[in-house]
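Student: Coordinates in run-v9.cif, mmCIF, C-alpha atoms, are listed below.
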data_coords
loop_
_atom_site.group_PDB
_atom_site.id
_atom_site.type_symbol
_atom_site.label_atom_id
_atom_site.label_comp_id
_atom_site.auth_asym_id
_atom_site.auth_seq_id
_atom_site.Cartn_x
_atom_site.Cartn_y
_atom_site.Cartn_z
ATOM 1 C CA MET A 1 -20.501 -1.371 -18.621
ATOM 2 C CA ALA A 2 -22.228 -2.119 -15.289
ATOM 3 C CA PHE A 3 -20.423 -4.285 -12.760
ATOM 4 C CA LEU A 4 -22.125 -7.078 -10.801
ATOM 5 C CA LEU A 5 -21.145 -6.353 -7.200
ATOM 6 C CA PRO A 6 -19.803 -9.292 -5.166
ATOM 7 C CA ARG A 7 -22.217 -11.027 -2.795
ATOM 8 C CA ASP A 8 -21.750 -13.215 0.272
ATOM 9 C CA ILE A 9 -18.672 -11.179 1.196
ATOM 10 C CA GLU A 10 -18.515 -12.465 4.750
ATOM 11 C CA ASN A 11 -17.907 -16.025 3.468
ATOM 12 C CA ARG A 12 -15.373 -15.178 0.756
ATOM 13 C CA PRO A 13 -11.638 -14.485 1.085
ATOM 14 C CA VAL A 14 -9.604 -11.380 0.277
ATOM 15 C CA ALA A 15 -6.444 -11.823 -1.804
ATOM 16 C CA VAL A 16 -3.359 -9.629 -1.384
ATOM 17 C CA ILE A 17 -0.815 -9.634 -4.209
ATOM 18 C CA GLY A 18 2.612 -8.975 -2.727
ATOM 19 C CA ALA A 19 3.998 -9.902 0.699
ATOM 20 C CA GLY A 20 6.137 -6.821 1.316
ATOM 21 C CA THR A 21 5.954 -4.209 4.056
ATOM 22 C CA LEU A 22 2.479 -3.004 3.102
ATOM 23 C CA GLY A 23 1.153 -6.226 1.624
ATOM 24 C CA ARG A 24 1.445 -8.067 4.933
ATOM 25 C CA ARG A 25 -0.111 -5.134 6.813
ATOM 26 C CA ILE A 26 -3.048 -5.026 4.402
ATOM 27 C CA ALA A 27 -3.493 -8.776 4.844
ATOM 28 C CA LEU A 28 -3.447 -8.279 8.606
ATOM 29 C CA MET A 29 -6.371 -5.845 8.484
ATOM 30 C CA PHE A 30 -8.489 -8.128 6.297
ATOM 31 C CA ALA A 31 -7.808 -11.029 8.684
ATOM 32 C CA THR A 32 -9.587 -9.295 11.584
ATOM 33 C CA ARG A 33 -13.130 -10.571 11.024
ATOM 34 C CA GLY A 34 -12.615 -14.306 11.253
ATOM 35 C CA GLY A 35 -12.233 -14.903 7.534
ATOM 36 C CA LEU A 36 -9.491 -16.076 5.202
ATOM 37 C CA VAL A 37 -6.856 -13.877 3.565
ATOM 38 C CA ARG A 38 -4.571 -15.299 0.889
ATOM 39 C CA ILE A 39 -1.217 -13.675 0.197
ATOM 40 C CA PHE A 40 0.418 -14.244 -3.190
ATOM 41 C CA ASP A 41 4.160 -13.821 -3.600
ATOM 42 C CA LYS A 42 6.678 -15.656 -5.766
ATOM 43 C CA SER A 43 9.212 -15.426 -2.947
ATOM 44 C CA HIS A 44 8.749 -18.211 -0.392
ATOM 45 C CA GLN A 45 10.775 -16.257 2.161
ATOM 46 C CA ALA A 46 8.656 -13.109 1.784
ATOM 47 C CA GLY A 47 5.456 -15.124 1.929
ATOM 48 C CA GLU A 48 6.425 -16.927 5.125
ATOM 49 C CA ALA A 49 7.554 -13.663 6.736
ATOM 50 C CA ALA A 50 4.160 -12.166 5.879
ATOM 51 C CA ARG A 51 2.327 -15.168 7.334
ATOM 52 C CA THR A 52 4.322 -14.883 10.565
ATOM 53 C CA TYR A 53 3.614 -11.155 10.799
ATOM 54 C CA VAL A 54 -0.145 -11.625 10.418
ATOM 55 C CA GLU A 55 -0.314 -14.551 12.846
ATOM 56 C CA GLU A 56 1.680 -12.649 15.481
ATOM 57 C CA HIS A 57 -0.486 -9.510 15.363
ATOM 58 C CA VAL A 58 -3.986 -10.491 14.260
ATOM 59 C CA ALA A 59 -5.416 -11.294 17.709
ATOM 60 C CA GLU A 60 -4.278 -7.971 19.153
ATOM 61 C CA VAL A 61 -5.519 -5.920 16.191
ATOM 62 C CA ALA A 62 -8.853 -7.769 15.954
ATOM 63 C CA ALA A 63 -9.438 -7.135 19.669
ATOM 64 C CA GLY A 64 -9.386 -3.402 18.971
ATOM 65 C CA ILE A 65 -12.084 -3.586 16.272
ATOM 66 C CA ASP A 66 -15.773 -3.739 17.147
ATOM 67 C CA GLY A 67 -16.877 -7.242 16.184
ATOM 68 C CA GLY A 68 -13.313 -8.246 15.382
ATOM 69 C CA GLU A 69 -12.227 -11.884 15.406
ATOM 70 C CA PRO A 70 -8.837 -13.325 14.420
ATOM 71 C CA GLY A 71 -8.975 -14.894 10.985
ATOM 72 C CA ARG A 72 -6.717 -17.147 8.951
ATOM 73 C CA VAL A 73 -3.927 -16.396 6.488
ATOM 74 C CA ALA A 74 -2.685 -18.608 3.677
ATOM 75 C CA VAL A 75 0.353 -18.012 1.473
ATOM 76 C CA THR A 76 0.774 -19.201 -2.092
ATOM 77 C CA ASP A 77 2.952 -18.649 -5.147
ATOM 78 C CA ASP A 78 0.091 -19.717 -7.437
ATOM 79 C CA MET A 79 -1.998 -16.788 -8.667
ATOM 80 C CA THR A 80 -5.022 -18.954 -9.544
ATOM 81 C CA GLU A 81 -5.060 -20.382 -6.038
ATOM 82 C CA ALA A 82 -4.712 -16.917 -4.500
ATOM 83 C CA LEU A 83 -7.727 -15.606 -6.412
ATOM 84 C CA LEU A 84 -10.030 -18.564 -5.750
ATOM 85 C CA ASP A 85 -13.495 -17.185 -4.846
ATOM 86 C CA ALA A 86 -12.005 -13.854 -3.671
ATOM 87 C CA TRP A 87 -14.448 -10.925 -3.465
ATOM 88 C CA LEU A 88 -11.608 -8.392 -3.335
ATOM 89 C CA VAL A 89 -8.014 -8.389 -4.586
ATOM 90 C CA VAL A 90 -5.525 -5.765 -3.420
ATOM 91 C CA GLU A 91 -2.338 -5.421 -5.458
ATOM 92 C CA ALA A 92 0.706 -4.381 -3.397
ATOM 93 C CA VAL A 93 3.667 -4.971 -5.717
ATOM 94 C CA PRO A 94 6.590 -2.544 -6.280
ATOM 95 C CA GLU A 95 5.924 0.841 -7.916
ATOM 96 C CA ARG A 96 6.781 -0.227 -11.475
ATOM 97 C CA LEU A 97 4.222 0.646 -14.092
ATOM 98 C CA ASP A 98 5.130 -2.251 -16.402
ATOM 99 C CA LEU A 99 4.698 -4.718 -13.546
ATOM 100 C CA LYS A 100 1.324 -3.285 -12.552
ATOM 101 C CA LYS A 101 0.072 -3.487 -16.139
ATOM 102 C CA GLU A 102 1.087 -7.138 -16.288
ATOM 103 C CA ILE A 103 -0.435 -7.968 -12.901
ATOM 104 C CA PHE A 104 -3.784 -6.314 -13.614
ATOM 105 C CA GLY A 105 -4.050 -8.013 -16.981
ATOM 106 C CA GLU A 106 -3.558 -11.358 -15.221
ATOM 107 C CA LEU A 107 -5.992 -10.489 -12.423
ATOM 108 C CA ASP A 108 -8.659 -9.498 -14.927
ATOM 109 C CA ARG A 109 -8.246 -12.789 -16.790
ATOM 110 C CA LYS A 110 -8.184 -15.080 -13.745
ATOM 111 C CA ALA A 111 -10.431 -13.515 -11.084
ATOM 112 C CA LEU A 112 -14.163 -14.204 -10.877
ATOM 113 C CA PRO A 113 -16.337 -11.730 -12.826
ATOM 114 C CA ASP A 114 -17.607 -10.092 -9.612
ATOM 115 C CA THR A 115 -14.182 -9.681 -7.976
ATOM 116 C CA ILE A 116 -13.130 -6.095 -7.229
ATOM 117 C CA LEU A 117 -9.564 -5.388 -8.377
ATOM 118 C CA ALA A 118 -7.826 -2.704 -6.309
ATOM 119 C CA SER A 119 -4.319 -1.258 -6.349
ATOM 120 C CA ASN A 120 -2.374 -0.079 -3.330
ATOM 121 C CA SER A 121 -0.123 1.979 -5.605
ATOM 122 C CA SER A 122 1.354 4.948 -3.762
ATOM 123 C CA SER A 123 1.599 7.227 -6.775
ATOM 124 C CA TYR A 124 0.135 5.704 -9.967
ATOM 125 C CA ALA A 125 -3.475 6.314 -10.885
ATOM 126 C CA SER A 126 -5.212 3.064 -11.822
ATOM 127 C CA SER A 127 -6.071 4.567 -15.221
ATOM 128 C CA GLU A 128 -2.364 4.212 -16.059
ATOM 129 C CA PHE A 129 -2.179 0.417 -15.804
ATOM 130 C CA ILE A 130 -5.417 -0.951 -17.257
ATOM 131 C CA ASP A 131 -4.120 -1.378 -20.834
ATOM 132 C CA GLN A 132 -4.567 -5.165 -20.624
ATOM 133 C CA VAL A 133 -7.813 -5.040 -18.598
ATOM 134 C CA LYS A 134 -11.063 -5.876 -20.396
ATOM 135 C CA HIS A 135 -13.272 -4.920 -17.432
ATOM 136 C CA PRO A 136 -12.006 -1.553 -16.123
ATOM 137 C CA GLU A 137 -15.343 -1.015 -14.368
ATOM 138 C CA ARG A 138 -14.091 -3.227 -11.506
ATOM 139 C CA VAL A 139 -10.668 -1.589 -11.089
ATOM 140 C CA LEU A 140 -9.772 1.258 -8.720
ATOM 141 C CA ASN A 141 -7.065 2.634 -6.459
ATOM 142 C CA MET A 142 -7.278 1.569 -2.814
ATOM 143 C CA HIS A 143 -4.255 3.158 -1.207
ATOM 144 C CA PHE A 144 -3.319 2.202 2.369
ATOM 145 C CA TYR A 145 -0.877 4.126 4.531
ATOM 146 C CA MET A 146 0.743 2.147 7.378
ATOM 147 C CA PRO A 147 -1.881 -0.030 9.068
ATOM 148 C CA PRO A 148 -2.584 -1.003 11.780
ATOM 149 C CA ARG A 149 -1.489 2.438 13.044
ATOM 150 C CA GLN A 150 -2.416 4.665 10.096
ATOM 151 C CA ASN A 151 -5.758 3.331 8.943
ATOM 152 C CA ALA A 152 -7.078 5.859 6.433
ATOM 153 C CA ILE A 153 -7.481 4.687 2.823
ATOM 154 C CA ASP A 154 -7.692 6.667 -0.436
ATOM 155 C CA LEU A 155 -10.204 5.356 -2.989
ATOM 156 C CA MET A 156 -9.966 6.663 -6.562
ATOM 157 C CA SER A 157 -11.631 5.671 -9.822
ATOM 158 C CA ASP A 158 -9.749 4.577 -12.922
ATOM 159 C CA GLY A 159 -12.197 6.782 -14.837
ATOM 160 C CA ARG A 160 -14.626 3.933 -15.497
ATOM 161 C CA THR A 161 -15.027 2.329 -12.061
ATOM 162 C CA ASP A 162 -18.622 1.306 -11.292
ATOM 163 C CA PRO A 163 -19.983 3.770 -8.683
ATOM 164 C CA GLY A 164 -21.522 0.890 -6.752
ATOM 165 C CA ILE A 165 -18.029 -0.265 -5.780
ATOM 166 C CA PHE A 166 -17.451 2.943 -3.835
ATOM 167 C CA ASP A 167 -20.744 2.525 -1.996
ATOM 168 C CA LEU A 168 -19.890 -1.079 -1.113
ATOM 169 C CA LEU A 169 -16.350 -0.298 0.047
ATOM 170 C CA THR A 170 -17.436 2.741 2.040
ATOM 171 C CA ARG A 171 -19.819 0.441 3.910
ATOM 172 C CA GLU A 172 -17.586 -2.641 4.273
ATOM 173 C CA LEU A 173 -14.048 -1.397 4.849
ATOM 174 C CA PRO A 174 -14.664 0.167 8.294
ATOM 175 C CA LEU A 175 -15.716 -3.298 9.505
ATOM 176 C CA PHE A 176 -12.058 -4.277 9.051
ATOM 177 C CA GLY A 177 -10.797 -1.268 10.995
ATOM 178 C CA VAL A 178 -9.799 0.825 7.958
ATOM 179 C CA PHE A 179 -11.503 4.017 6.834
ATOM 180 C CA PRO A 180 -11.961 5.096 3.192
ATOM 181 C CA PHE A 181 -11.942 8.608 1.738
ATOM 182 C CA ILE A 182 -12.867 9.136 -1.923
ATOM 183 C CA ALA A 183 -10.785 11.300 -4.253
ATOM 184 C CA HIS A 184 -13.397 13.063 -6.377
ATOM 185 C CA LYS A 185 -11.092 13.471 -9.378
ATOM 186 C CA GLU A 186 -7.871 11.815 -10.568
ATOM 187 C CA SER A 187 -4.925 13.005 -8.521
ATOM 188 C CA THR A 188 -1.335 11.758 -8.496
ATOM 189 C CA GLY A 189 -0.717 10.998 -4.840
ATOM 190 C CA PHE A 190 -4.454 10.966 -4.089
ATOM 191 C CA ILE A 191 -5.356 13.090 -1.022
ATOM 192 C CA PHE A 192 -3.159 12.756 2.053
ATOM 193 C CA ASN A 193 -0.180 11.371 0.135
ATOM 194 C CA ARG A 194 0.115 14.564 -1.915
ATOM 195 C CA ILE A 195 0.458 16.530 1.293
ATOM 196 C CA TRP A 196 2.868 13.990 2.792
ATOM 197 C CA ALA A 197 4.978 13.991 -0.410
ATOM 198 C CA ALA A 198 5.530 17.719 -0.063
ATOM 199 C CA ILE A 199 6.647 17.245 3.559
ATOM 200 C CA LYS A 200 9.056 14.433 2.645
ATOM 201 C CA ARG A 201 10.446 16.407 -0.287
ATOM 202 C CA GLU A 202 11.140 19.531 1.742
ATOM 203 C CA ALA A 203 12.685 17.501 4.593
ATOM 204 C CA LEU A 204 15.020 15.840 2.077
ATOM 205 C CA GLU A 205 15.837 19.184 0.458
ATOM 206 C CA VAL A 206 16.839 20.659 3.841
ATOM 207 C CA VAL A 207 19.327 17.780 4.182
ATOM 208 C CA ALA A 208 20.435 17.974 0.531
ATOM 209 C CA GLU A 209 21.301 21.665 0.995
ATOM 210 C CA GLY A 210 23.271 20.918 4.154
ATOM 211 C CA VAL A 211 20.947 22.973 6.330
ATOM 212 C CA SER A 212 20.285 20.137 8.791
ATOM 213 C CA THR A 213 20.544 16.392 9.374
ATOM 214 C CA PRO A 214 17.898 13.648 9.299
ATOM 215 C CA GLU A 215 18.227 13.194 13.061
ATOM 216 C CA ASP A 216 17.711 16.882 13.865
ATOM 217 C CA VAL A 217 14.790 17.261 11.463
ATOM 218 C CA ASP A 218 13.117 14.259 13.093
ATOM 219 C CA GLU A 219 13.737 15.547 16.623
ATOM 220 C CA MET A 220 12.245 18.946 15.773
ATOM 221 C CA TRP A 221 9.265 17.239 14.128
ATOM 222 C CA LYS A 222 8.640 15.082 17.207
ATOM 223 C CA ILE A 223 8.826 18.057 19.564
ATOM 224 C CA ASN A 224 6.651 20.388 17.516
ATOM 225 C CA MET A 225 4.109 17.838 16.264
ATOM 226 C CA GLY A 226 3.892 15.704 19.399
ATOM 227 C CA ILE A 227 4.269 12.412 17.543
ATOM 228 C CA PRO A 228 6.849 9.634 18.063
ATOM 229 C CA ALA A 229 8.536 9.600 14.632
ATOM 230 C CA GLY A 230 9.730 12.203 12.155
ATOM 231 C CA PRO A 231 9.784 12.161 8.328
ATOM 232 C CA PHE A 232 13.110 10.326 7.972
ATOM 233 C CA ARG A 233 12.168 7.597 10.415
ATOM 234 C CA MET A 234 8.851 7.176 8.593
ATOM 235 C CA MET A 235 10.576 7.009 5.206
ATOM 236 C CA ASP A 236 12.792 4.227 6.587
ATOM 237 C CA GLN A 237 9.664 2.308 7.575
ATOM 238 C CA VAL A 238 8.191 2.539 4.067
ATOM 239 C CA GLY A 239 11.483 1.702 2.336
ATOM 240 C CA LEU A 240 13.768 4.254 0.687
ATOM 241 C CA ASP A 241 13.584 2.447 -2.654
ATOM 242 C CA VAL A 242 9.800 2.858 -2.590
ATOM 243 C CA VAL A 243 10.116 6.522 -1.557
ATOM 244 C CA LEU A 244 12.552 7.097 -4.442
ATOM 245 C CA ASP A 245 10.241 5.416 -6.973
ATOM 246 C CA ILE A 246 7.380 7.643 -5.832
ATOM 247 C CA GLU A 247 9.454 10.809 -5.967
ATOM 248 C CA GLN A 248 10.707 9.960 -9.453
ATOM 249 C CA HIS A 249 7.124 9.532 -10.595
ATOM 250 C CA TYR A 250 6.177 12.944 -9.229
ATOM 251 C CA ALA A 251 9.218 14.449 -10.981
ATOM 252 C CA GLN A 252 8.155 12.982 -14.332
ATOM 253 C CA GLU A 253 4.868 14.862 -14.037
ATOM 254 C CA ARG A 254 6.379 18.012 -12.509
ATOM 255 C CA PRO A 255 9.844 18.648 -13.990
ATOM 256 C CA HIS A 256 10.294 21.789 -11.871
ATOM 257 C CA LEU A 257 10.644 19.777 -8.655
ATOM 258 C CA PRO A 258 14.126 20.004 -7.045
ATOM 259 C CA ALA A 259 16.557 17.169 -7.775
ATOM 260 C CA GLY A 260 18.207 17.284 -4.341
ATOM 261 C CA PRO A 261 15.681 14.989 -2.597
ATOM 262 C CA ARG A 262 16.041 12.334 -5.288
ATOM 263 C CA ASP A 263 19.847 12.589 -5.135
ATOM 264 C CA VAL A 264 19.820 11.998 -1.365
ATOM 265 C CA LEU A 265 17.530 8.982 -1.700
ATOM 266 C CA LYS A 266 19.534 7.550 -4.592
ATOM 267 C CA ARG A 267 22.772 7.597 -2.567
ATOM 268 C CA TYR A 268 21.142 5.471 0.125
ATOM 269 C CA VAL A 269 19.394 3.111 -2.308
ATOM 270 C CA ASP A 270 22.546 2.595 -4.408
ATOM 271 C CA ALA A 271 24.384 1.645 -1.207
ATOM 272 C CA GLY A 272 21.669 -0.906 -0.359
ATOM 273 C CA HIS A 273 20.480 1.109 2.630
ATOM 274 C CA LEU A 274 16.728 0.784 2.143
ATOM 275 C CA GLY A 275 15.522 1.411 5.698
ATOM 276 C CA VAL A 276 14.025 -1.016 8.195
ATOM 277 C CA LYS A 277 13.779 -3.902 5.722
ATOM 278 C CA SER A 278 17.543 -3.883 5.011
ATOM 279 C CA GLY A 279 18.616 -3.026 8.553
ATOM 280 C CA ARG A 280 19.931 0.397 7.634
ATOM 281 C CA GLY A 281 18.583 3.574 6.072
ATOM 282 C CA PHE A 282 18.754 7.003 7.633
ATOM 283 C CA TYR A 283 18.971 4.977 10.858
ATOM 284 C CA THR A 284 20.337 1.535 11.781
ATOM 285 C CA TYR A 285 17.972 -1.245 12.845
ATOM 286 C CA ASP A 286 18.255 -4.605 14.575
ATOM 287 C CA THR A 287 17.050 -6.922 11.805
ATOM 288 C CA GLU A 288 16.785 -9.825 14.260
ATOM 289 C CA LYS A 289 13.791 -8.055 15.801
#
In structure tokens, write the structure found in this file.

Tutor:
Amino acid sequence: MAFLLPRDIENRPVAVIGAGTLGRRIALMFATRGGLVRIFDKSHQAGEAARTYVEEHVAEVAAGIDGGEPGRVAVTDDMTEALLDAWLVVEAVPERLDLKKEIFGELDRKALPDTILASNSSSYASSEFIDQVKHPERVLNMHFYMPPRQNAIDLMSDGRTDPGIFDLLTRELPLFGVFPFIAHKESTGFIFNRIWAAIKREALEVVAEGVSTPEDVDEMWKINMGIPAGPFRMMDQVGLDVVLDIEQHYAQERPHLPAGPRDVLKRYVDAGHLGVKSGRGFYTYDTEK
């Protein structure tokens, strides 16, 4: 079934579903052209933290984008309000397949017929959570990394996504300072994330085997790669619970993968040490900052 592409994009908001680490960063990028971004989250605390994050950073980020202009952010716990007149919705909820199925069923029922429905899922193909979707031609993966620093995006079809959506997003997304790359066939982990997953897994396995420590692996990585953070520091930024969910998903598809990396992550997650967001992961953080 053909999809009627959204029009008048510059005068319509973007909705982000989920106010977590990546949800607020996605909202930040879509608030850089003077428009409105609505963030939906049932948690008032998470929503307000996301609003504060966007408002604190949007002027600086917009200044670095050609034609950028600080926009507005609104927070709501009402899905209907969040979706009002949106041309694009980006789902950024936890990596739970049952939750994504529920969310996309609701989005498909409540969003305007020309609204594009995208998922920021780190590991699930959108074909896996469209059971309750009547219009799969408007659904796709739109996976962000860690904007505003890591601004590449994976785009991937759910198997029935209207090709016109890819043309539109390839044209429009760079205006917000993010840059799309299309996966030409379904791939768990998309493009870059598959490569990054292998790096994370081997780093964790080195620690699981007692060969090295997170601190030493990171220091070697920084020296040899010339970048400011190593794999363990970056995993802390994402959230170790999220990293564990992703690794468990890979293991379901590839049973031969070593269990050591998952065991290491599970020890931290079970102890409540989730990384930056909890104040402690592989490293300790000042949560007041």

Student: Can you measure CA of Gly164 in chain A to CA of Ala15 in chain A for me? One decimal in Å is fine.

Tutor: 20.3 Å

Student: Please determine, counting all atoms listed in the file, which residue among A:Val178, A:Val238, A:Met142, A:Ala208 has the shortest atom-to-atom distance to Leu88 in chain A.

Tutor: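 So, comparing all the options, the nearest one is A:Met142.
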
Student: For each of A:Leu240, A:Met220, A:Leu175, A:Leu117, take the minimum atom-to-atom distance to Asp162 in chain A, counting all atoms listed in the file, then give the residue where this is smallest.

Tutor: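 Closest to Asp162 in chain A of all the choices is A:Leu117.
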
Student: Quick one: residues within 12 Å of Asp98 in chain A, only C-alpha atoms counted, chain neighbours fewer than 6 positions away excluded, as a PyMOL selection string?

Tutor: chain A and resi 104-105+124+128-132

Student: Pick out the residues sitting within 12 Å of Arg96 in chain A, and hand them over as a CSV table (one decimal) with C-alpha atoms, in the frame of the given file; count only C-alpha atoms, and ignore anything fewer than 6 positions along from it in its own chain.

Tutor:
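Saved as out-v5.csv:
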chain,number,residue,atom,x,y,z
A,102,GLU,CA,1.1,-7.1,-16.3
A,103,ILE,CA,-0.4,-8.0,-12.9
A,121,SER,CA,-0.1,2.0,-5.6
A,122,SER,CA,1.4,4.9,-3.8
A,123,SER,CA,1.6,7.2,-6.8
A,124,TYR,CA,0.1,5.7,-10.0
A,128,GLU,CA,-2.4,4.2,-16.1
A,129,PHE,CA,-2.2,0.4,-15.8
A,241,ASP,CA,13.6,2.4,-2.7
A,242,VAL,CA,9.8,2.9,-2.6
A,244,LEU,CA,12.6,7.1,-4.4
A,245,ASP,CA,10.2,5.4,-7.0
A,246,ILE,CA,7.4,7.6,-5.8
A,248,GLN,CA,10.7,10.0,-9.5
A,249,HIS,CA,7.1,9.5,-10.6

Student: If we count only C-alpha atoms and set the cut-off at 9 Å, which residues sit around Arg160 in chain A, ignoring sequence neighbours fewer than 3 positions away in its own chain? Please answer as a PyMOL selection string.

Tutor: chain A and resi 1+127+136-140+157+163

Student: Could you jot down the CA of Lys42 in chain A to CA of Gly23 in chain A separation for me, Å, one decimal place?

Tutor: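 Going from CA of Lys42 in chain A over to CA of Gly23 in chain A covers 13.2 Å.
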
Student: Show me, as number ranges by chain, the residues that have an atom within 7 Å of Ala74 in chain A when counting only C-alpha atoms, minus same-chain residues fewer than 4 positions from it.

Tutor: A: 37-39

Student: Just how far from CA of Thr115 in chain A is CA of Trp87 in chain A, in Å to one decimal?

Tutor: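 So the answer is 4.7 Å.
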
Student: Apply the PyMOL selection byres ((chain A and resi 75) around 10) to the file shown and report the selected residues as an NGL selection string.

Tutor: :A and (15-16 or 19 or 37-42 or 44 or 46-51 or 73-74 or 76-78 or 81-82)

Student: Those residues with C-alpha atoms, as a JSON list (two decimals), keeping the file's coordinate frame please?

Tutor:
[["chain", "number", "residue", "atom", "x", "y", "z"],
["A", 15, "ALA", "CA", -6.44, -11.82, -1.80],
["A", 16, "VAL", "CA", -3.36, -9.63, -1.38],
["A", 19, "ALA", "CA", 4.00, -9.90, 0.70],
["A", 37, "VAL", "CA", -6.86, -13.88, 3.56],
["A", 38, "ARG", "CA", -4.57, -15.30, 0.89],
["A", 39, "ILE", "CA", -1.22, -13.68, 0.20],
["A", 40, "PHE", "CA", 0.42, -14.24, -3.19],
["A", 41, "ASP", "CA", 4.16, -13.82, -3.60],
["A", 42, "LYS", "CA", 6.68, -15.66, -5.77],
["A", 44, "HIS", "CA", 8.75, -18.21, -0.39],
["A", 46, "ALA", "CA", 8.66, -13.11, 1.78],
["A", 47, "GLY", "CA", 5.46, -15.12, 1.93],
["A", 48, "GLU", "CA", 6.42, -16.93, 5.12],
["A", 49, "ALA", "CA", 7.55, -13.66, 6.74],
["A", 50, "ALA", "CA", 4.16, -12.17, 5.88],
["A", 51, "ARG", "CA", 2.33, -15.17, 7.33],
["A", 73, "VAL", "CA", -3.93, -16.40, 6.49],
["A", 74, "ALA", "CA", -2.68, -18.61, 3.68],
["A", 76, "THR", "CA", 0.77, -19.20, -2.09],
["A", 77, "ASP", "CA", 2.95, -18.65, -5.15],
["A", 78, "ASP", "CA", 0.09, -19.72, -7.44],
["A", 81, "GLU", "CA", -5.06, -20.38, -6.04],
["A", 82, "ALA", "CA", -4.71, -16.92, -4.50]]

Student: May I have the residues within 7 Å of His143 in chain A as number ranges by chain, using all atoms listed in the file and disregarding those fewer than 4 positions away in the same chain?

Tutor: A: 119-122, 153-155

Student: So what does the PyMOL selection byres ((chain A and resi 190-207) around 9) actually pick up in this one, as an MDAnalysis selection string?

Tutor: chainID A and resid 122:123 125 143 145 154:156 181:183 185:189 208:214 217 231:232 235 246:247 250 258:262 264:265

Student: Starting from the PyMOL selection byres ((chain A and resi 35) around 7), expand the selection into actual residues of this file and give them as a PyMOL selection string.

Tutor: chain A and resi 13+31+33-34+36-37+71-72

Student: Nearest residue to Glu55 in chain A out of A:Thr80, A:Thr32, A:Ser43, A:Ser126, using all atoms listed in the file?

Tutor: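 Selected residue with least distance to Glu55 in chain A: A:Thr32.
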